[in-house]
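A.B. asks: Please find one structure pasted underneath; my questions will follow.
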Amino acid sequence: MSYLRGRFKKAADKAVTEYTASIPFDWRLYPYDIAGSIAHARMLAKQGIISNKEAEIITQGLASIKEEIEQDKVQFKPELEDIHMNIEARLIEKVGEVGGKLHTARSRNDQVALDMRLFTKEAIGDTLSGLKKFQQALINLAETNKNVVMPGYTHLQRAQPVLLAHHLLAYFEMLRRDTDRFNDCLKRSDVMPLGSGAIAGVAYDIDREFLAKELGFSQLSRNSLDAVSDRDFVVEYEAAASIAMMHLSRLAEEIILWSSAEFDFIELDEAYATGSSIMPQKKNPDVAELVRGKTGRVYGNLMAILTTMKGLPLSYNRDMQEDKEGFFDSVNTLRASLEVFSGMLNSLRVKAENTGRAARQGYILATDLADYLVKKGEAFRTAHDIVARLVSYAVKEGKSLDKLKLAEYKSFSPLFGEDVYSITVESSLAARNNIGGTAPQRVEEALSRAKKIINAD
Ligand code: ARG
C-alpha cells in the first residue's frame with residue numbers, strides 16, 4: 001500500500017524506491033515524530049477540526065506504535081519512504097480510516113522540520129553534558145597535578161615554563177566557548193515550525209501557540225516558506241561540533257606527543273591504549289589518534305550540509321533529506337569522542353619528574369634574563385639583544401645559563417649581579433602573576449573559577 005503514488009499507474013522502480021527512501025536512517029526520529037503527531041492530534045481536537053474521540057483513538061494508536069517500535073516489532077517499509085509515512089501507514093492499519101485524519105492541516109515538510117528540531121534540542125542537551133564531563137576531567141587532572149611544571153611551547157620549541165594545570169585549563173576555556181556555541185544554537189533550534197504546512201501555511205483554524213506549548217518550544221516560526229526550508233540549526237550544530245572536535249583533536253595531538261618516548265611526559269592507562277600485531281613492545285595511543293582522525297569526518301559532514309543547502313530555491317527540496325546522516329554521525333561522533341577522551345584523561349598518569357626536567361633544561365629562562373635587565377634599567381629591545389648574544393655564547397660553550405660565571409654574564413652587561421642566580425623556573429612562574437598568567441596563585445584562582453562554572457551549569 002502506498003499513499004504516495006495515487007496519481008501514478010506504475011509502481012516505482014525498485015532502485016528508485018531504495019534510492020529515495022530515508023527510512024534506513026530517519027527511523028531514529030520516531031520518538032519526535034510521534035510526540036509531534038500526538039500534539040497535533042490534540043490541537044486538531046481542541047480546535048474542533050477532528051472530534052475528541054477521534055483524537056483519542058489516534059493518540060492511543062500512536063502511543064502503541066511507539067511501544068511496538070521500541071520492542072522491535074515494526075517492519076519499516078522502504079516503499080513508504082520515510083519515518084513519517086511508515087508511522088502514518090501503521091496507524092491507519094491499526095485504527096482504520098480515522099488514522100487518515102491525522103495529516104489534516106499538516107505536511108511532511110513542516111513535520112520533518114519539527115522532528116529535526118526536536119531531535120536537535122535533545123542532542124544539544126546531550127552534547128552539553130558531554131562537554132561538561134570533559135571539562136570536569138580536565139579539572140581533575142589539573143587538580144591532581146597542581147604543582148607540576150612543564151615547558152610551554154611555541155612552534156613546538158621550548159618557550160617558557162608553565163604549570164601543567166595552566167596548560168590544561170587552556171582547554172577548559174576552549175570547551176567553555178563550545179558550550180556557549182551549543183547554547184546559542186539551542187536558541188535557534190527552539191522554534192516551532194508546525195502550521196507552515198507544505199509551504200504557505202494551512203487552511204484551517206489551528207492553534208500554533210498550543211502546539212509550541214505542548215512540544216516545549218519557546219518561539220513560533222514567523223514565515224512558512226522559511227520554516228520548511230530552514231536547516232540553519234543543523235548547520236550551526238555541525239559547525240559547533242567541528243570546532244569542538246578541533247579542540248579535542250589538538251589535545252589528542254598533544255597526548256600523542258606526550259606519550260612518545262621522545263617526550264615521555266605521560267603514561268596512558270592500559271585500558272586506553274592498544275598493542276601492535278607485530279611489535280610486542282608497542283603501547284599505542286589509538287584513542288587519541290582516532291579522536292584526531294574522526295575530526296575529519298565531522299568537518300566533512302559540515303561541508304556536505306553547507307554544499308547541499310547552497311543552491312536550493314525556496315522552499316522544501318528533497319535534497320534536504322541529505323541533512324540527516326551526516327548530522328546524526330556528527331552527533332554520535334562528538335558524543336563518543338567526549339566520552340572516551342574524558343575516560344582517558346581521568347586515568348592517565350603525569351610523569352612530573354620528566355616534565356619538570358624538560359622545563360629546567362636549555363635556555364627556557366632567557367626571557368626572564370631579559371626582564372631582569374629591564375628591571376635594572378635596560379630598554380627591553382636592548383636587553384633582548386644582550387641575552388640573545390649571551391645565549392649564543394652559552395650554546396657555543398656548551399653550558400646552560402645557570403652554569404655561566406658572573407664574569408661571563410658581566411662581559412655582556414655590567415648590570416648583571418649575583419642576584420642573576422635567583423632566576424629559576426619557580427621565580428619565572430611566580431613572576432607571571434597577572435590575570436590569565438601561569439603564576440601558581442593565578443592558576444589556583446583559575447581552577448576554583450573553573451570548578452564554580454562547572455557546578456553552576
Ligand atoms: N523524508 C523527507 C526528508 O527527510 C521528509 C519530507 C518529505 N517531503 C516531501 N515533500 N517529499 O526530508
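Going through the C-alpha cells in order, the chains are called A, B, and so on, while each chain numbers its residues from 1 and the ligands are numbered from 1 in the order shown.
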Got a sec: who's within 9 Å of Val425 of chain A, counting only C-alpha atoms, leaving out chain neighbours fewer than 5 positions off, as a PDB file with C-alpha atoms, in the first residue's frame?
C.D. replies:
```pdb
ATOM      1  CA  VAL A 149      55.828  22.234  35.896  1.00  0.00           C
ATOM      2  CA  GLN A 160      58.729  29.490  28.779  1.00  0.00           C
ATOM      3  CA  PRO A 161      57.909  27.324  31.777  1.00  0.00           C
ATOM      4  CA  VAL A 162      54.230  26.914  32.636  1.00  0.00           C
ATOM      5  CA  ALA A 359      61.200  22.693  31.911  1.00  0.00           C
ATOM      6  CA  ARG A 360      64.594  23.213  33.525  1.00  0.00           C
ATOM      7  CA  ILE A 364      63.940  28.448  28.675  1.00  0.00           C
ATOM      8  CA  LEU A 365      64.618  31.255  31.189  1.00  0.00           C
ATOM      9  CA  ALA A 430      55.657  33.354  40.094  1.00  0.00           C
TER      10      ALA A 430
END
```
A.B. asks: Please produce, as JSON lines, a per-residue contact table for chain A versus ligand 1 (criterion: any atom at most 8 Å away, only C-alpha atoms and all ligand atoms considered), showing the nearest atom pair and its distance in Å to one decimal, sorted by chain then residue number.
C.D. replies:
```
{"residue": "A:Ala21", "atom": "CA", "partner": "ligand 1", "partner_atom_place_in_ligand_line": "1 (N)", "distance": 7.2}
{"residue": "A:Ser22", "atom": "CA", "partner": "ligand 1", "partner_atom_place_in_ligand_line": "1 (N)", "distance": 5.5}
{"residue": "A:Ile23", "atom": "CA", "partner": "ligand 1", "partner_atom_place_in_ligand_line": "1 (N)", "distance": 7.6}
{"residue": "A:Asp26", "atom": "CA", "partner": "ligand 1", "partner_atom_place_in_ligand_line": "4 (O)", "distance": 7.1}
{"residue": "A:Glu81", "atom": "CA", "partner": "ligand 1", "partner_atom_place_in_ligand_line": "1 (N)", "distance": 6.6}
{"residue": "A:Asp82", "atom": "CA", "partner": "ligand 1", "partner_atom_place_in_ligand_line": "1 (N)", "distance": 4.9}
{"residue": "A:Ile83", "atom": "CA", "partner": "ligand 1", "partner_atom_place_in_ligand_line": "1 (N)", "distance": 7.3}
{"residue": "A:His84", "atom": "CA", "partner": "ligand 1", "partner_atom_place_in_ligand_line": "5 (C)", "distance": 7.2}
{"residue": "A:Ser107", "atom": "CA", "partner": "ligand 1", "partner_atom_place_in_ligand_line": "8 (N)", "distance": 7.5}
{"residue": "A:Arg108", "atom": "CA", "partner": "ligand 1", "partner_atom_place_in_ligand_line": "6 (C)", "distance": 4.8}
{"residue": "A:Asn109", "atom": "CA", "partner": "ligand 1", "partner_atom_place_in_ligand_line": "6 (C)", "distance": 4.9}
{"residue": "A:Gln111", "atom": "CA", "partner": "ligand 1", "partner_atom_place_in_ligand_line": "6 (C)", "distance": 7.5}
{"residue": "A:Val112", "atom": "CA", "partner": "ligand 1", "partner_atom_place_in_ligand_line": "5 (C)", "distance": 5.4}
{"residue": "A:Ala198", "atom": "CA", "partner": "ligand 1", "partner_atom_place_in_ligand_line": "10 (N)", "distance": 7.3}
{"residue": "A:Tyr316", "atom": "CA", "partner": "ligand 1", "partner_atom_place_in_ligand_line": "10 (N)", "distance": 7.0}
{"residue": "A:Asn317", "atom": "CA", "partner": "ligand 1", "partner_atom_place_in_ligand_line": "10 (N)", "distance": 7.3}
{"residue": "A:Arg318", "atom": "CA", "partner": "ligand 1", "partner_atom_place_in_ligand_line": "12 (O)", "distance": 5.7}
{"residue": "A:Asp319", "atom": "CA", "partner": "ligand 1", "partner_atom_place_in_ligand_line": "12 (O)", "distance": 7.3}
{"residue": "A:Met320", "atom": "CA", "partner": "ligand 1", "partner_atom_place_in_ligand_line": "12 (O)", "distance": 5.2}
{"residue": "A:Gln321", "atom": "CA", "partner": "ligand 1", "partner_atom_place_in_ligand_line": "12 (O)", "distance": 3.6}
{"residue": "A:Glu322", "atom": "CA", "partner": "ligand 1", "partner_atom_place_in_ligand_line": "4 (O)", "distance": 7.2}
{"residue": "A:Asp323", "atom": "CA", "partner": "ligand 1", "partner_atom_place_in_ligand_line": "4 (O)", "distance": 7.6}
{"residue": "A:Lys324", "atom": "CA", "partner": "ligand 1", "partner_atom_place_in_ligand_line": "4 (O)", "distance": 7.3}
```
A.B. asks: As a list in words, please: the residues near Ile206 of chain A (cut-off 10 Å, only C-alpha atoms, same-chain neighbours under 3 positions excluded).
C.D. replies: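 Selected residues are His40, Met43, Leu44, Ala45, Lys46, Gln47, Gly48, Ile49, Ala105, Leu194, Gly195, Val202, Ala203, Glu209, Phe210 and Leu211 of chain A.
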A.B. asks: Can you tell me, as a list in words, what residues are no more than 7 Å from Ser221 of chain A when counting only C-alpha atoms, ignoring any on the same chain fewer than 2 positions away?
C.D. replies: Val191, Met192, Pro193, Gln219, Asn223 and Ala227 of chain A
A.B. asks: Write out as a ChimeraX atom specification which residues come within 9 Å of Ala388 of chain A when counting only C-alpha atoms, dropping same-chain ones fewer than 5 positions away.
C.D. replies: /A:366,370,383,393
A.B. asks: Limited to all heavy atoms, could you put the picked residues into a file as a PDB file, in the first residue's frame?
C.D. replies:
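selection.pdb, freshly written:
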```
ATOM      1  N   ALA A 366      65.474  32.473  29.261  1.00  0.00           N
ATOM      2  CA  ALA A 366      66.089  33.625  28.584  1.00  0.00           C
ATOM      3  C   ALA A 366      65.218  34.879  28.682  1.00  0.00           C
ATOM      4  O   ALA A 366      65.725  35.989  28.888  1.00  0.00           O
ATOM      5  CB  ALA A 366      66.362  33.277  27.116  1.00  0.00           C
ATOM      6  N   ALA A 370      66.157  38.658  30.270  1.00  0.00           N
ATOM      7  CA  ALA A 370      65.924  39.966  29.644  1.00  0.00           C
ATOM      8  C   ALA A 370      65.101  40.853  30.576  1.00  0.00           C
ATOM      9  O   ALA A 370      65.408  42.037  30.766  1.00  0.00           O
ATOM     10  CB  ALA A 370      65.222  39.784  28.295  1.00  0.00           C
ATOM     11  N   ALA A 383      67.902  44.730  25.992  1.00  0.00           N
ATOM     12  CA  ALA A 383      68.046  43.574  26.877  1.00  0.00           C
ATOM     13  C   ALA A 383      67.887  42.276  26.079  1.00  0.00           C
ATOM     14  O   ALA A 383      68.638  41.308  26.260  1.00  0.00           O
ATOM     15  CB  ALA A 383      66.999  43.641  27.987  1.00  0.00           C
ATOM     16  N   TYR A 393      76.462  32.590  22.989  1.00  0.00           N
ATOM     17  CA  TYR A 393      77.759  32.295  23.613  1.00  0.00           C
ATOM     18  C   TYR A 393      77.673  30.997  24.432  1.00  0.00           C
ATOM     19  O   TYR A 393      78.513  30.093  24.310  1.00  0.00           O
ATOM     20  CB  TYR A 393      78.164  33.473  24.514  1.00  0.00           C
ATOM     21  CG  TYR A 393      79.302  33.178  25.476  1.00  0.00           C
ATOM     22  CD1 TYR A 393      80.638  33.227  25.043  1.00  0.00           C
ATOM     23  CD2 TYR A 393      79.031  32.842  26.810  1.00  0.00           C
ATOM     24  CE1 TYR A 393      81.667  32.946  25.936  1.00  0.00           C
ATOM     25  CE2 TYR A 393      80.056  32.567  27.702  1.00  0.00           C
ATOM     26  CZ  TYR A 393      81.380  32.613  27.265  1.00  0.00           C
ATOM     27  OH  TYR A 393      82.390  32.332  28.136  1.00  0.00           O
TER      28      TYR A 393
END
```
A.B. asks: Neighbours of Ile69 of chain A within 12 Å (only C-alpha atoms; same-chain residues fewer than 2 positions away dropped), as a tab-separated table (two decimals) with C-alpha atoms, in the first residue's frame?
C.D. replies:
```
chain	number	residue	atom	x	y	z
A	27	TRP	CA	13.72	5.81	11.70
A	28	ARG	CA	15.54	7.21	14.72
A	29	LEU	CA	13.31	10.28	14.54
A	30	TYR	CA	10.35	8.14	15.63
A	31	PRO	CA	10.03	9.44	19.23
A	34	ILE	CA	5.17	10.52	17.46
A	62	LEU	CA	0.46	6.42	18.17
A	63	ALA	CA	1.45	5.54	21.73
A	64	SER	CA	1.13	1.84	20.99
A	65	ILE	CA	3.14	2.21	17.74
A	66	LYS	CA	5.90	3.76	19.83
A	67	GLU	CA	5.90	0.67	22.03
A	71	GLN	CA	10.08	-3.69	21.04
A	72	ASP	CA	11.40	-4.02	17.50
A	73	LYS	CA	8.02	-5.24	16.26
A	74	VAL	CA	7.58	-2.81	13.37
A	75	GLN	CA	8.93	-3.78	9.99
A	76	PHE	CA	9.72	-0.46	8.30
A	83	ILE	CA	9.56	7.51	9.17
A	86	ASN	CA	5.75	4.46	7.96
A	87	ILE	CA	4.16	5.62	11.20
A	90	ARG	CA	0.90	1.71	10.60
```
A.B. asks: With only C-alpha atoms as the atoms that count, which of A:Lys10, A:His166, A:Arg42, A:Lys283 lies nearest to Gly436 of chain A?
C.D. replies: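 Closest to Gly436 of chain A of all the choices is A:His166.
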A.B. asks: Select, from A:Glu214, A:Asp178, A:Asp207, A:Asp13, the residue with the minimum atom-to-atom distance to Ser37 of chain A, counting only C-alpha atoms.
C.D. replies: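 When distances to Ser37 of chain A are compared using only C-alpha atoms, the smallest one comes from A:Glu214.
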A.B. asks: Going by DSSP on the backbone, which bits of segment 171-386 of chain A are helix (DSSP H, G or I)? Write them as number ranges by chain, please.
C.D. replies: A: 171-189, 208-215, 224-229, 232-258, 270-272, 286-310, 318-347, 352-360, 366-375, 380-386
A.B. asks: What does the distance from atom CA of Asp190 of chain A to atom CA of Phe217 of chain A come to in Å, to one decimal?
C.D. replies: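 Atom-to-atom, atom CA of Asp190 of chain A to atom CA of Phe217 of chain A, that is 5.4 Å.
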